[in-house]
>>> print(open('query-v7.cif').read())   # mmCIF, C-alpha atoms and all ligand atoms
data_work
loop_
_atom_site.group_PDB
_atom_site.id
_atom_site.type_symbol
_atom_site.label_atom_id
_atom_site.label_comp_id
_atom_site.auth_asym_id
_atom_site.auth_seq_id
_atom_site.Cartn_x
_atom_site.Cartn_y
_atom_site.Cartn_z
ATOM 1 C CA MET P 1 0.000 0.000 0.000
ATOM 2 C CA ARG P 2 1.210 3.474 -0.710
ATOM 3 C CA GLY P 3 2.061 5.406 2.448
ATOM 4 C CA ALA P 4 2.618 9.141 2.885
ATOM 5 C CA PRO P 5 4.767 10.535 0.092
ATOM 6 C CA ARG P 6 8.415 10.537 1.075
ATOM 7 C CA VAL P 7 10.421 13.718 0.674
ATOM 8 C CA TYR P 8 13.999 13.602 -0.515
ATOM 9 C CA PRO P 9 15.778 16.752 0.663
ATOM 10 C CA SER P 10 18.593 16.528 -1.864
ATOM 11 C CA GLY P 11 16.211 15.869 -4.699
ATOM 12 C CA ARG P 12 15.333 18.636 -7.077
ATOM 13 C CA HIS P 13 12.564 16.976 -8.995
ATOM 14 C CA GLY P 14 10.515 19.711 -10.607
ATOM 15 C CA LEU P 15 13.377 21.595 -12.175
ATOM 16 C CA ASN P 16 13.294 21.317 -15.906
ATOM 17 C CA LYS P 17 17.003 21.663 -16.215
ATOM 18 C CA GLN P 18 20.228 19.988 -15.425
ATOM 19 C CA GLU P 19 22.555 22.127 -13.413
ATOM 20 C CA ASN P 20 26.215 22.351 -12.759
ATOM 21 C CA VAL P 21 27.077 21.358 -9.193
ATOM 22 C CA GLU P 22 30.003 23.280 -7.748
ATOM 23 C CA GLY P 23 31.545 23.670 -11.150
ATOM 24 C CA MET P 24 31.007 20.061 -12.248
ATOM 25 C CA ASN P 25 29.683 19.644 -15.725
ATOM 26 C CA VAL P 26 26.813 17.443 -14.602
ATOM 27 C CA LYS P 27 24.643 18.182 -17.610
ATOM 28 C CA CYS P 28 27.050 16.474 -19.979
ATOM 29 C CA MET P 29 27.372 13.237 -18.018
ATOM 30 C CA ASN P 30 24.862 11.318 -20.110
ATOM 31 C CA MET P 31 22.841 9.859 -17.263
ATOM 32 C CA LYS P 32 19.869 7.619 -17.852
ATOM 33 C CA ALA P 33 17.421 6.170 -15.382
ATOM 34 C CA ILE P 34 16.551 2.504 -15.823
ATOM 35 C CA ALA P 35 13.568 1.009 -13.992
ATOM 36 C CA ALA P 36 10.789 -1.547 -14.161
ATOM 37 C CA VAL P 37 7.430 -0.138 -13.099
ATOM 38 C CA ASP P 38 3.896 -1.454 -12.786
ATOM 39 C CA ALA P 39 0.774 0.306 -14.072
ATOM 40 C CA ASN P 40 0.912 2.712 -11.091
ATOM 41 C CA TRP P 41 4.659 3.371 -11.403
ATOM 42 C CA GLY P 42 5.349 1.081 -8.450
ATOM 43 C CA ILE P 43 8.900 -0.310 -8.398
ATOM 44 C CA GLY P 44 9.278 -2.345 -5.230
ATOM 45 C CA MET P 45 7.638 -3.978 -2.247
ATOM 46 C CA ASN P 46 9.303 -4.965 1.032
ATOM 47 C CA GLY P 47 12.761 -4.346 -0.400
ATOM 48 C CA ARG P 48 12.207 -6.470 -3.499
ATOM 49 C CA LEU P 49 11.249 -6.034 -7.128
ATOM 50 C CA LEU P 50 7.559 -6.380 -7.949
ATOM 51 C CA ALA P 51 7.914 -9.200 -10.459
ATOM 52 C CA ARG P 52 10.452 -11.550 -11.953
ATOM 53 C CA LEU P 53 10.803 -10.736 -15.646
ATOM 54 C CA PRO P 54 13.729 -12.729 -17.116
ATOM 55 C CA ALA P 55 13.877 -10.862 -20.451
ATOM 56 C CA ASP P 56 13.923 -7.558 -18.584
ATOM 57 C CA LEU P 57 16.735 -8.720 -16.283
ATOM 58 C CA LYS P 58 18.687 -9.862 -19.342
ATOM 59 C CA ARG P 59 18.169 -6.487 -20.995
ATOM 60 C CA PHE P 60 19.245 -4.699 -17.805
ATOM 61 C CA ARG P 61 22.402 -6.805 -17.744
ATOM 62 C CA GLU P 62 23.169 -6.133 -21.413
ATOM 63 C CA ILE P 63 22.587 -2.381 -21.156
ATOM 64 C CA THR P 64 24.537 -1.817 -17.951
ATOM 65 C CA THR P 65 27.443 -4.251 -18.422
ATOM 66 C CA GLY P 66 30.680 -2.320 -18.926
ATOM 67 C CA ASN P 67 29.035 0.868 -17.714
ATOM 68 C CA VAL P 68 28.289 2.547 -14.384
ATOM 69 C CA ILE P 69 25.223 2.005 -12.204
ATOM 70 C CA VAL P 70 24.240 4.230 -9.298
ATOM 71 C CA VAL P 71 22.153 2.614 -6.562
ATOM 72 C CA GLY P 72 20.993 3.314 -3.042
ATOM 73 C CA ARG P 73 22.179 1.121 -0.204
ATOM 74 C CA GLU P 74 18.802 -0.657 0.028
ATOM 75 C CA THR P 75 18.946 -1.603 -3.633
ATOM 76 C CA LEU P 76 22.526 -2.829 -3.362
ATOM 77 C CA GLU P 77 21.426 -5.068 -0.506
ATOM 78 C CA SER P 78 18.581 -6.445 -2.662
ATOM 79 C CA PHE P 79 21.076 -7.835 -5.186
ATOM 80 C CA PRO P 80 22.041 -11.540 -5.049
ATOM 81 C CA GLY P 81 24.334 -12.098 -2.068
ATOM 82 C CA LYS P 82 23.842 -8.374 -1.215
ATOM 83 C CA LYS P 83 26.812 -7.752 -3.511
ATOM 84 C CA PRO P 84 27.419 -5.456 -6.495
ATOM 85 C CA LEU P 85 26.520 -6.971 -9.850
ATOM 86 C CA PRO P 86 29.551 -8.173 -11.841
ATOM 87 C CA HIS P 87 31.128 -6.548 -14.922
ATOM 88 C CA ARG P 88 30.054 -2.978 -14.224
ATOM 89 C CA THR P 89 31.097 -0.183 -11.905
ATOM 90 C CA THR P 90 28.655 0.241 -9.042
ATOM 91 C CA VAL P 91 28.372 3.462 -7.091
ATOM 92 C CA CYS P 92 26.383 2.955 -3.881
ATOM 93 C CA LEU P 93 24.929 5.835 -1.890
ATOM 94 C CA THR P 94 24.829 5.614 1.903
ATOM 95 C CA ARG P 95 25.120 8.190 4.664
ATOM 96 C CA ASN P 96 26.831 5.600 6.851
ATOM 97 C CA ARG P 97 30.545 6.418 6.833
ATOM 98 C CA ASP P 98 31.396 2.959 8.191
ATOM 99 C CA TYR P 99 29.528 1.122 5.431
ATOM 100 C CA LYS P 100 31.701 -1.295 3.459
ATOM 101 C CA ALA P 101 30.927 -2.924 0.119
ATOM 102 C CA ASP P 102 32.965 -4.055 -2.834
ATOM 103 C CA CYS P 103 32.096 -0.985 -4.908
ATOM 104 C CA VAL P 104 32.445 2.783 -4.932
ATOM 105 C CA ILE P 105 30.714 4.348 -1.915
ATOM 106 C CA ALA P 106 29.350 7.893 -2.000
ATOM 107 C CA HIS P 107 28.014 9.571 1.142
ATOM 108 C CA SER P 108 26.050 12.379 -0.520
ATOM 109 C CA MET P 109 24.687 13.478 -3.881
ATOM 110 C CA ASP P 110 27.551 15.910 -4.327
ATOM 111 C CA GLU P 111 30.136 13.249 -3.538
ATOM 112 C CA CYS P 112 28.470 10.921 -6.011
ATOM 113 C CA LEU P 113 28.248 13.530 -8.783
ATOM 114 C CA LYS P 114 31.868 14.508 -8.185
ATOM 115 C CA TYR P 115 32.973 10.906 -8.567
ATOM 116 C CA LEU P 116 30.881 10.478 -11.712
ATOM 117 C CA SER P 117 32.186 13.656 -13.312
ATOM 118 C CA GLU P 118 35.827 12.881 -12.523
ATOM 119 C CA PHE P 119 36.257 9.144 -12.770
ATOM 120 C CA SER P 120 33.393 7.356 -14.441
ATOM 121 C CA ARG P 121 33.879 5.794 -17.842
ATOM 122 C CA GLY P 122 30.986 4.745 -20.060
ATOM 123 C CA ASP P 123 27.329 5.559 -19.683
ATOM 124 C CA ILE P 124 25.826 6.174 -16.268
ATOM 125 C CA TYR P 125 22.612 4.362 -15.333
ATOM 126 C CA ILE P 126 20.582 5.426 -12.322
ATOM 127 C CA ALA P 127 19.291 2.067 -11.143
ATOM 128 C CA GLY P 128 17.189 2.823 -8.051
ATOM 129 C CA GLY P 129 15.583 2.629 -5.700
ATOM 130 C CA GLU P 130 12.914 5.217 -5.180
ATOM 131 C CA SER P 131 15.064 7.719 -3.270
ATOM 132 C CA VAL P 132 17.883 7.548 -5.807
ATOM 133 C CA TYR P 133 15.566 7.895 -8.821
ATOM 134 C CA ALA P 134 13.906 10.917 -7.208
ATOM 135 C CA GLN P 135 17.192 12.679 -6.505
ATOM 136 C CA PHE P 136 18.873 11.941 -9.833
ATOM 137 C CA LEU P 137 15.973 12.414 -12.226
ATOM 138 C CA PRO P 138 16.798 16.124 -12.698
ATOM 139 C CA TYR P 139 20.155 15.035 -14.117
ATOM 140 C CA CYS P 140 18.778 12.371 -16.468
ATOM 141 C CA ASP P 141 18.026 13.098 -20.102
ATOM 142 C CA CYS P 142 16.458 9.718 -20.761
ATOM 143 C CA CYS P 143 14.521 7.065 -18.814
ATOM 144 C CA LEU P 144 14.462 3.443 -19.910
ATOM 145 C CA ILE P 145 11.230 2.182 -18.401
ATOM 146 C CA THR P 146 9.995 -1.389 -18.436
ATOM 147 C CA LYS P 147 6.271 -0.828 -18.089
ATOM 148 C CA MET P 148 4.069 -3.632 -16.803
ATOM 149 C CA GLU P 149 0.355 -3.565 -17.513
ATOM 150 C CA ALA P 150 -0.507 -5.128 -14.142
ATOM 151 C CA SER P 151 -1.274 -3.225 -10.937
ATOM 152 C CA LEU P 152 0.806 -4.843 -8.193
ATOM 153 C CA ARG P 153 1.229 -4.185 -4.461
ATOM 154 C CA ALA P 154 4.041 -1.665 -4.071
ATOM 155 C CA ASP P 155 5.590 0.506 -1.371
ATOM 156 C CA ARG P 156 8.192 2.223 -3.561
ATOM 157 C CA PHE P 157 7.524 4.267 -6.703
ATOM 158 C CA PHE P 158 9.119 5.970 -9.675
ATOM 159 C CA ILE P 159 7.918 9.465 -10.621
ATOM 160 C CA ASN P 160 4.965 9.161 -13.022
ATOM 161 C CA LEU P 161 6.519 10.288 -16.296
ATOM 162 C CA ASP P 162 3.173 10.149 -18.099
ATOM 163 C CA ASN P 163 2.076 13.084 -15.899
ATOM 164 C CA SER P 164 5.361 14.934 -16.274
ATOM 165 C CA GLU P 165 5.896 17.856 -18.596
ATOM 166 C CA GLU P 166 9.626 17.253 -18.385
ATOM 167 C CA PHE P 167 9.623 13.919 -20.203
ATOM 168 C CA LYS P 168 7.787 12.559 -23.185
ATOM 169 C CA LEU P 169 7.378 9.026 -24.420
ATOM 170 C CA GLU P 170 9.667 8.546 -27.402
ATOM 171 C CA SER P 171 9.314 4.861 -28.201
ATOM 172 C CA GLU P 172 7.802 1.619 -26.991
ATOM 173 C CA SER P 173 8.448 -1.999 -27.878
ATOM 174 C CA GLU P 174 6.056 -4.765 -28.750
ATOM 175 C CA ALA P 175 4.411 -6.408 -25.758
ATOM 176 C CA ILE P 176 6.236 -9.256 -24.020
ATOM 177 C CA CYS P 177 4.504 -11.714 -21.701
ATOM 178 C CA GLU P 178 6.401 -13.511 -18.933
ATOM 179 C CA ASN P 179 5.185 -15.098 -15.716
ATOM 180 C CA GLY P 180 1.668 -13.919 -16.528
ATOM 181 C CA ILE P 181 2.727 -10.264 -16.806
ATOM 182 C CA THR P 182 2.527 -8.263 -20.035
ATOM 183 C CA TYR P 183 5.077 -5.495 -20.358
ATOM 184 C CA ARG P 184 6.855 -3.216 -22.838
ATOM 185 C CA PHE P 185 10.196 -1.423 -23.000
ATOM 186 C CA MET P 186 9.519 2.325 -23.141
ATOM 187 C CA GLU P 187 11.927 5.174 -23.667
ATOM 188 C CA TYR P 188 11.103 8.615 -22.256
ATOM 189 C CA ARG P 189 13.185 11.634 -23.237
ATOM 190 C CA ARG P 190 13.555 14.993 -21.554
ATOM 191 C CA THR P 191 11.498 17.546 -23.454
ATOM 192 C CA LEU P 192 13.908 20.409 -22.907
ATOM 193 C CA CYS P 193 17.610 19.797 -23.068
ATOM 194 C CA VAL P 194 19.850 22.513 -21.723
ATOM 195 C CA CYS P 195 23.013 21.015 -23.164
ATOM 196 C CA GLY P 196 22.659 23.292 -26.129
ATOM 197 C CA SER P 197 21.637 20.382 -28.343
HETATM 198 N N1 LIG P 201 11.769 -1.782 -10.302
HETATM 199 C C1 LIG P 201 13.001 -1.348 -10.390
HETATM 200 O O1 LIG P 201 13.506 -1.111 -11.491
HETATM 201 C C2 LIG P 201 13.810 -1.166 -9.148
HETATM 202 C C3 LIG P 201 15.162 -0.794 -9.233
HETATM 203 C C4 LIG P 201 15.874 -0.615 -8.057
HETATM 204 C C5 LIG P 201 15.269 -0.818 -6.836
HETATM 205 N N2 LIG P 201 13.969 -1.181 -6.787
HETATM 206 C C6 LIG P 201 13.284 -1.385 -5.503
HETATM 207 O O2 LIG P 201 13.300 -0.154 -4.773
HETATM 208 C C7 LIG P 201 13.276 -0.477 -3.376
HETATM 209 C C8 LIG P 201 14.425 0.243 -2.681
HETATM 210 O O3 LIG P 201 14.224 1.652 -2.812
HETATM 211 P P1 LIG P 201 14.421 2.621 -1.561
HETATM 212 O O4 LIG P 201 13.998 4.009 -1.963
HETATM 213 O O5 LIG P 201 13.751 2.014 -0.364
HETATM 214 O O6 LIG P 201 15.968 2.507 -1.255
HETATM 215 P P2 LIG P 201 17.270 2.919 -2.098
HETATM 216 O O7 LIG P 201 16.998 4.187 -2.843
HETATM 217 O O8 LIG P 201 17.751 1.747 -2.863
HETATM 218 O O9 LIG P 201 18.299 3.159 -0.933
HETATM 219 C C9 LIG P 201 18.014 4.132 0.066
HETATM 220 C C10 LIG P 201 19.292 4.392 0.827
HETATM 221 O O10 LIG P 201 20.269 4.987 -0.037
HETATM 222 C C11 LIG P 201 21.053 5.890 0.709
HETATM 223 N N3 LIG P 201 20.891 7.240 0.160
HETATM 224 C C12 LIG P 201 19.864 7.722 -0.585
HETATM 225 N N4 LIG P 201 20.095 9.004 -0.917
HETATM 226 C C13 LIG P 201 21.296 9.343 -0.384
HETATM 227 C C14 LIG P 201 22.069 10.526 -0.381
HETATM 228 N N5 LIG P 201 21.678 11.652 -1.023
HETATM 229 N N6 LIG P 201 23.245 10.515 0.264
HETATM 230 C C15 LIG P 201 23.693 9.394 0.898
HETATM 231 N N7 LIG P 201 22.983 8.232 0.935
HETATM 232 C C16 LIG P 201 21.802 8.215 0.305
HETATM 233 C C17 LIG P 201 20.576 5.795 2.157
HETATM 234 O O11 LIG P 201 21.325 4.738 2.722
HETATM 235 P P3 LIG P 201 21.653 4.622 4.302
HETATM 236 O O12 LIG P 201 20.362 4.303 4.971
HETATM 237 O O13 LIG P 201 22.659 3.505 4.370
HETATM 238 O O14 LIG P 201 22.246 5.945 4.716
HETATM 239 C C18 LIG P 201 19.133 5.374 1.968
HETATM 240 O O15 LIG P 201 18.565 4.765 3.112
HETATM 241 C C19 LIG P 201 13.364 -1.991 -3.286
HETATM 242 O O16 LIG P 201 12.055 -2.535 -3.155
HETATM 243 C C20 LIG P 201 13.952 -2.398 -4.615
HETATM 244 O O17 LIG P 201 13.626 -3.726 -5.011
HETATM 245 C C21 LIG P 201 13.232 -1.358 -7.918
#
>>> encode(input="query-v7.cif", output="structure tokens")
Amino acid sequence: MRGAPRVYPSGRHGLNKQENVEGMNVKCMNMKAIAAVDANWGIGMNGRLLARLPADLKRFREITTGNVIVVGRETLESFPGKKPLPHRTTVCLTRNRDYKADCVIAHSMDECLKYLSEFSRGDIYIAGGESVYAQFLPYCDCCLITKMEASLRADRFFINLDNSEEFKLESESEAICENGITYRFMEYRRTLCVCGS
């Protein structure tokens, strides 16, 4: 069930622009959000994904392998063995300075963006969960959304891009059906790009 909306203090959802952060050229970092959502833009329940969709997991692996994913600590701990996924650079956000994991740890948005602007190679995928999507969406120019037709029980959500003036649906795939769930791969693009392009 959906509880009271959570507020993410560092998030700047609502701005239709990507900004420089303390001189970092954030807007040119080529960040994309990647998420699987149900009909109500739910993404998770009790710390887990809403459904098991093998073709979607395969696509996630293919898209993100060799690139960078940014995740919150809860999402990292939802991965198999609570470990970073292989063959990609994982940046995990946590405010806990004693937290240890076999990946890059960032303790704030600014620390994360600084790392991404200075050291990351390849494309950057914002891979959840809810708090991380909400905070990074202002920096994303594209959202790769796996959209399920079903309404499932969820306690974590992605921003509803169909109600957003900042993104528009650019493409959608044919329907796929797995484990009784029909879904499509959708691509949403930012309507206004401030990169000068
Ligand atoms: N459907 C999908 O595509 C998809 C993808 C990913 C995840 N999910 C689901 O989403 C749910 C998890 O989402 P969630 O919102 O609960 O958790 P989350 O975003 O994965 O992680 C939240 C944690 O990240 C850290 N964090 C967030 N913002 C930070 C900041 N600015 N600075 C430092 N640390 C920060 C904090 O860790 P500390 O508490 O350690 O400080 C916070 O508690 C799960 O159900 C998961 O399965 C779904």
>>> resolve_selection(input="query-v7.cif", expression="the PyMOL selection byres (((chain P and resi 129) around 8) and not hetatm)", output="PyMOL selection string")
chain P and resi 43+71-72+74-75+127-128+130-133+156
>>> residues_near_ligand(input="query-v7.cif", ligand="ligand LIG 201 (chain P)", cutoff="9 Å", atoms="only C-alpha atoms and all ligand atoms", output="PyMOL selection string")
chain P and resi 8-11+34-38+41-51+71-79+92-97+99+106-112+126-135+145-146+154-158
>>> atom_distance(input="query-v7.cif", atom1="CA of Pro84 in chain P", atom2="CA of Thr182 in chain P")
28.5 Å
>>> residues_around(input="query-v7.cif", residues="Asp162 in chain P", least_positions_apart="2", cutoff="12 Å", atoms="all atoms listed in the file", output="list in words")
Ala39, Asn40, Trp41, Cys143, Ile145, Lys147, Phe158, Ile159, Asn160, Ser164, Glu165, Glu166, Phe167, Lys168, Leu169, Glu170, Met186, Glu187, Tyr188, Arg189 and Arg190 of chain P
>>> residues_around(input="query-v7.cif", residues="Asn67 in chain P", least_positions_apart="3", cutoff="9 Å", atoms="only C-alpha atoms", output="tab-separated table (two decimals) with C-alpha atoms, keeping the file's coordinate frame")
chain	number	residue	atom	x	y	z
P	63	ILE	CA	22.59	-2.38	-21.16
P	64	THR	CA	24.54	-1.82	-17.95
P	87	HIS	CA	31.13	-6.55	-14.92
P	88	ARG	CA	30.05	-2.98	-14.22
P	89	THR	CA	31.10	-0.18	-11.90
P	90	THR	CA	28.66	0.24	-9.04
P	120	SER	CA	33.39	7.36	-14.44
P	121	ARG	CA	33.88	5.79	-17.84
P	122	GLY	CA	30.99	4.74	-20.06
P	123	ASP	CA	27.33	5.56	-19.68
P	124	ILE	CA	25.83	6.17	-16.27
P	125	TYR	CA	22.61	4.36	-15.33
>>> resolve_selection(input="query-v7.cif", expression="the PyMOL selection byres (((chain P and resi 150) around 7) and not hetatm)", output="number ranges by chain")
P: 38-39, 148-149, 151-152, 181
>>> write_last_selection(input="query-v7.cif", atoms="C-alpha atoms", output="PDB file, keeping the file's coordinate frame")
ATOM      1  CA  ASP P  38       3.896  -1.454 -12.786  1.00  0.00           C
ATOM      2  CA  ALA P  39       0.774   0.306 -14.072  1.00  0.00           C
ATOM      3  CA  MET P 148       4.069  -3.632 -16.803  1.00  0.00           C
ATOM      4  CA  GLU P 149       0.355  -3.565 -17.513  1.00  0.00           C
ATOM      5  CA  SER P 151      -1.274  -3.225 -10.937  1.00  0.00           C
ATOM      6  CA  LEU P 152       0.806  -4.843  -8.193  1.00  0.00           C
ATOM      7  CA  ILE P 181       2.727 -10.264 -16.806  1.00  0.00           C
TER       8      ILE P 181
END
>>> closest_residue(input="query-v7.cif", among="P:Phe136, P:Val91, P:Leu161, P:Leu85", to="Leu57 in chain P", atoms="all atoms listed in the file")
P:Leu85
>>> atom_distance(input="query-v7.cif", atom1="CA of Pro86 in chain P", atom2="CA of Glu174 in chain P")
29.1 Å
>>> residues_near_point(input="query-v7.cif", point="(23.5, 9.4, -20.0)", cutoff="8 Å", atoms="all atoms listed in the file", output="PyMOL selection string")
chain P and resi 28-32+123-125+140-142
>>> atom_distance(input="query-v7.cif", atom1="CA of Val68 in chain P", atom2="CA of Ser171 in chain P")
23.6 Å
